[in-house]
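Contents: one structure, followed by commentary.
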Amino acid sequence: MVDVRVQRVPGLADWWPNPQIAADYFPDWMKELKKKKKTTAKLNMSDCLPAIESMLQGIVIGFPCDMTFEYIETSSWYGKIIKCDHVGYPIIGGHESSQYAHSEFKNYHIIKIGLPWIFVVPHGYSCLFTQPFNRNGGQDSFCISGAVQSDTYYNMVNIPFAINLKKEKDTISLRKGDPFVQVVPFLREKVKIIQEKADLNELGTVIENIEKNTNFYKDQIKIKY
């Protein structure tokens, strides 16, 4: 277990609900899929434990309030100009389009949303701030991921949020409590790739076990915390 100290900055967006353990933010649509499994043998996403595991990692932060963004006009310097019906913090600015030219999200408008907390983790750990796994990940908006060395960087974190409004007067609405960003602590380690041939005997044994027991991954692989 990794202790993550979430320290709120006094007087800064005190109205923003506290971050929650990701398990407490498990989405209703996944719960409904799990209920369906009790009445049918048909496979659905609730059978995919790796997908569920990713959704249960770390911390999830929801949007602090309702926000509706509207595409107003296009500027030759700033690119798309959008406005939000929520004025002020936590919206603390944005990035002009030239800062991310030629990226896969070059046609998006990127704003910066400030978090009113400092995340403190043990020595050697960083925090991955990313789009919530398998949630709110449509093409219209998403968080740009960043890994912060939160063991030494004692400061608030700003989240770049990309919004894709294709034509003038287009809008997108985000509701209070919608998943905004997932924070996952991880141990910083260098990775060395070692190319090897697979052990066909071990692989064959696992495949055979899966054929005998459709819950093999859950029963034999998944670690119980």
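Please note that chains go A, B, ... in the order of the structure tokens, that every chain numbers its residues from 1, and that ligands are numbered from 1 in the order shown.
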**Asked** Per DSSP on the backbone, what are the helix (DSSP H, G or I) residues of chain A, as a PyMOL selection string?
**Response** chain A and resi 22-25+28-36+45-47+49-55+97-100+200-212+216-221
**Request:** Would you please extract all strand (DSSP E) residues from chain A, as assigned by DSSP on the backbone, and give them as number ranges by chain?
**Result:** A: 5-8, 20-21, 59-62, 67-75, 79-84, 91-95, 109-114, 117-120, 125-130, 141-143, 146-148, 158-163, 171-174, 179-187
Please build the interface table for segment 128-196 of chain A against segment 52-64 of chain A with a cut-off of 9 Å, listing for each qualifying residue the nearest atom pair and the distance in Å to one decimal; count only C-alpha atoms, order rows by chain and increasing number, and write it as a tab-separated table.
residue	atom	partner	partner_atom	distance
A:Pro132	CA	A:Val60	CA	7.2
A:Phe133	CA	A:Met55	CA	5.4
A:Asn134	CA	A:Met55	CA	6.8
A:Arg135	CA	A:Met55	CA	8.1
A:Leu174	CA	A:Phe63	CA	7.5
A:Arg175	CA	A:Phe63	CA	6.7
A:Lys176	CA	A:Phe63	CA	5.0
A:Gly177	CA	A:Gly62	CA	4.5
A:Asp178	CA	A:Gly62	CA	5.2
A:Pro179	CA	A:Gly62	CA	4.4
A:Phe180	CA	A:Gly62	CA	4.8
A:Val181	CA	A:Ile61	CA	5.4
A:Gln182	CA	A:Val60	CA	4.5
A:Val183	CA	A:Ile59	CA	5.0
A:Val184	CA	A:Gly58	CA	4.4
A:Pro185	CA	A:Gly58	CA	6.6
Go ahead and save the residues from that selection, with N, CA and C atoms, as an mmCIF file, in the first residue's frame.
data_model
loop_
_atom_site.group_PDB
_atom_site.id
_atom_site.type_symbol
_atom_site.label_atom_id
_atom_site.label_comp_id
_atom_site.auth_asym_id
_atom_site.auth_seq_id
_atom_site.Cartn_x
_atom_site.Cartn_y
_atom_site.Cartn_z
ATOM 1 N N PRO A 132 -9.236 9.540 -16.758
ATOM 2 C CA PRO A 132 -9.719 8.365 -16.036
ATOM 3 C C PRO A 132 -9.861 7.165 -16.965
ATOM 4 N N PHE A 133 -9.276 6.062 -16.572
ATOM 5 C CA PHE A 133 -9.248 4.880 -17.420
ATOM 6 C C PHE A 133 -10.662 4.391 -17.731
ATOM 7 N N ASN A 134 -10.945 4.239 -19.016
ATOM 8 C CA ASN A 134 -12.224 3.695 -19.504
ATOM 9 C C ASN A 134 -13.427 4.520 -19.073
ATOM 10 N N ARG A 135 -13.201 5.793 -18.761
ATOM 11 C CA ARG A 135 -14.295 6.659 -18.335
ATOM 12 C C ARG A 135 -14.132 8.036 -18.960
ATOM 13 N N LEU A 174 -19.969 19.693 -19.153
ATOM 14 C CA LEU A 174 -19.371 18.778 -18.184
ATOM 15 C C LEU A 174 -20.063 19.026 -16.847
ATOM 16 N N ARG A 175 -20.462 17.961 -16.190
ATOM 17 C CA ARG A 175 -21.276 18.104 -14.998
ATOM 18 C C ARG A 175 -20.462 17.860 -13.730
ATOM 19 N N LYS A 176 -20.854 18.549 -12.674
ATOM 20 C CA LYS A 176 -20.215 18.367 -11.373
ATOM 21 C C LYS A 176 -20.232 16.896 -10.995
ATOM 22 N N GLY A 177 -19.066 16.376 -10.630
ATOM 23 C CA GLY A 177 -18.954 14.985 -10.242
ATOM 24 C C GLY A 177 -18.544 14.056 -11.359
ATOM 25 N N ASP A 178 -18.642 14.514 -12.630
ATOM 26 C CA ASP A 178 -18.129 13.689 -13.724
ATOM 27 C C ASP A 178 -16.647 13.421 -13.497
ATOM 28 N N PRO A 179 -16.140 12.238 -13.841
ATOM 29 C CA PRO A 179 -14.715 11.968 -13.646
ATOM 30 C C PRO A 179 -13.860 12.918 -14.472
ATOM 31 N N PHE A 180 -12.906 13.554 -13.833
ATOM 32 C CA PHE A 180 -12.054 14.547 -14.490
ATOM 33 C C PHE A 180 -10.646 14.016 -14.716
ATOM 34 N N VAL A 181 -9.992 13.572 -13.653
ATOM 35 C CA VAL A 181 -8.613 13.105 -13.773
ATOM 36 C C VAL A 181 -8.382 11.971 -12.776
ATOM 37 N N GLN A 182 -7.564 10.995 -13.172
ATOM 38 C CA GLN A 182 -7.184 9.887 -12.303
ATOM 39 C C GLN A 182 -5.726 10.076 -11.902
ATOM 40 N N VAL A 183 -5.438 9.878 -10.623
ATOM 41 C CA VAL A 183 -4.091 10.073 -10.076
ATOM 42 C C VAL A 183 -3.588 8.721 -9.575
ATOM 43 N N VAL A 184 -2.526 8.219 -10.203
ATOM 44 C CA VAL A 184 -2.021 6.896 -9.874
ATOM 45 C C VAL A 184 -0.562 7.003 -9.431
ATOM 46 N N PRO A 185 -0.243 6.726 -8.155
ATOM 47 C CA PRO A 185 1.152 6.747 -7.716
ATOM 48 C C PRO A 185 1.895 5.532 -8.261
#
**Request:** Extract, using only C-alpha atoms, all DNA, RNA and protein residues at most 9 Å from segment 165-169 of chain A, discarding same-chain residues fewer than 2 positions from it, and format them as JSON, numbers by chain.
**Result:** {"A": [69, 70, 71, 72, 73, 74, 80, 82, 107, 108, 109, 140, 141, 163, 171, 172]}
**Close residues, Leu187 of chain A itself excluded, 12 Å, only C-alpha atoms, min 3 positions apart in chain, as a VMD selection string** = chain A and resid 1 to 2 121 to 128 147 to 151 184 190 to 191
Need to verify the contact set: Ser46 of chain A, 8 Å, only C-alpha atoms, exclusion of same-chain residues closer than 2 positions in sequence. Can you return it as a PDB file with N, CA and C atoms, in the first residue's frame?
ATOM      1  N   MET A  30     -20.823   0.324 -15.249  1.00  0.00           N
ATOM      2  CA  MET A  30     -20.118  -0.936 -15.033  1.00  0.00           C
ATOM      3  C   MET A  30     -20.851  -1.784 -13.998  1.00  0.00           C
ATOM      4  N   LEU A  33     -23.550  -3.603 -15.758  1.00  0.00           N
ATOM      5  CA  LEU A  33     -23.038  -4.738 -16.525  1.00  0.00           C
ATOM      6  C   LEU A  33     -22.786  -5.937 -15.604  1.00  0.00           C
ATOM      7  N   LYS A  34     -22.279  -5.665 -14.401  1.00  0.00           N
ATOM      8  CA  LYS A  34     -22.029  -6.746 -13.447  1.00  0.00           C
ATOM      9  C   LYS A  34     -23.347  -7.390 -13.006  1.00  0.00           C
ATOM     10  N   LYS A  37     -24.639  -9.886 -15.550  1.00  0.00           N
ATOM     11  CA  LYS A  37     -23.936 -11.163 -15.555  1.00  0.00           C
ATOM     12  C   LYS A  37     -24.620 -12.202 -14.674  1.00  0.00           C
ATOM     13  N   LEU A  43     -21.081 -12.594 -22.505  1.00  0.00           N
ATOM     14  CA  LEU A  43     -19.932 -11.823 -22.032  1.00  0.00           C
ATOM     15  C   LEU A  43     -20.187 -10.325 -22.173  1.00  0.00           C
ATOM     16  N   ASN A  44     -19.667  -9.558 -21.232  1.00  0.00           N
ATOM     17  CA  ASN A  44     -19.656  -8.097 -21.361  1.00  0.00           C
ATOM     18  C   ASN A  44     -18.386  -7.566 -20.698  1.00  0.00           C
ATOM     19  N   CYS A  48     -13.954  -8.427 -18.088  1.00  0.00           N
ATOM     20  CA  CYS A  48     -12.559  -8.079 -18.381  1.00  0.00           C
ATOM     21  C   CYS A  48     -11.902  -7.493 -17.134  1.00  0.00           C
ATOM     22  N   LEU A  49     -11.303  -8.356 -16.322  1.00  0.00           N
ATOM     23  CA  LEU A  49     -10.715  -7.900 -15.057  1.00  0.00           C
ATOM     24  C   LEU A  49      -9.580  -6.894 -15.257  1.00  0.00           C
ATOM     25  N   ILE A  52     -11.199  -3.549 -15.483  1.00  0.00           N
ATOM     26  CA  ILE A  52     -11.707  -3.129 -14.174  1.00  0.00           C
ATOM     27  C   ILE A  52     -10.554  -2.721 -13.261  1.00  0.00           C
TER      28      ILE A  52
END
Select from segment 136-225 of chain A every residue with an atom at most 12 Å from any atom of segment 87-101 of chain A, then for each give the shortest pair of atoms and their distance in Å to one decimal, using only C-alpha atoms, rows by chain and rising number, as JSON lines.
{"residue": "A:Ile144", "atom": "CA", "partner": "A:Tyr100", "partner_atom": "CA", "distance": 11.5}
{"residue": "A:Met156", "atom": "CA", "partner": "A:Pro90", "partner_atom": "CA", "distance": 11.6}
{"residue": "A:Val157", "atom": "CA", "partner": "A:Pro90", "partner_atom": "CA", "distance": 11.2}
{"residue": "A:Asn158", "atom": "CA", "partner": "A:Ile92", "partner_atom": "CA", "distance": 8.5}
{"residue": "A:Ile159", "atom": "CA", "partner": "A:Ile91", "partner_atom": "CA", "distance": 9.7}
{"residue": "A:Pro160", "atom": "CA", "partner": "A:Gly94", "partner_atom": "CA", "distance": 7.8}
{"residue": "A:Phe161", "atom": "CA", "partner": "A:Gly94", "partner_atom": "CA", "distance": 8.8}
{"residue": "A:Ala162", "atom": "CA", "partner": "A:Gly94", "partner_atom": "CA", "distance": 9.7}
{"residue": "A:Ile163", "atom": "CA", "partner": "A:Gly94", "partner_atom": "CA", "distance": 11.2}
Restricted to C-alpha atoms, what would the selected residues look like written as an mmCIF file, in the first residue's frame?
data_model
loop_
_atom_site.group_PDB
_atom_site.id
_atom_site.type_symbol
_atom_site.label_atom_id
_atom_site.label_comp_id
_atom_site.auth_asym_id
_atom_site.auth_seq_id
_atom_site.Cartn_x
_atom_site.Cartn_y
_atom_site.Cartn_z
ATOM 1 C CA ILE A 144 -3.444 15.337 -21.367
ATOM 2 C CA MET A 156 -0.225 22.262 -6.871
ATOM 3 C CA VAL A 157 -0.652 20.561 -10.249
ATOM 4 C CA ASN A 158 -2.365 22.067 -13.273
ATOM 5 C CA ILE A 159 -4.186 19.712 -15.640
ATOM 6 C CA PRO A 160 -4.210 20.486 -19.389
ATOM 7 C CA PHE A 161 -7.700 19.675 -20.643
ATOM 8 C CA ALA A 162 -8.289 19.293 -24.379
ATOM 9 C CA ILE A 163 -11.698 20.214 -25.806
#
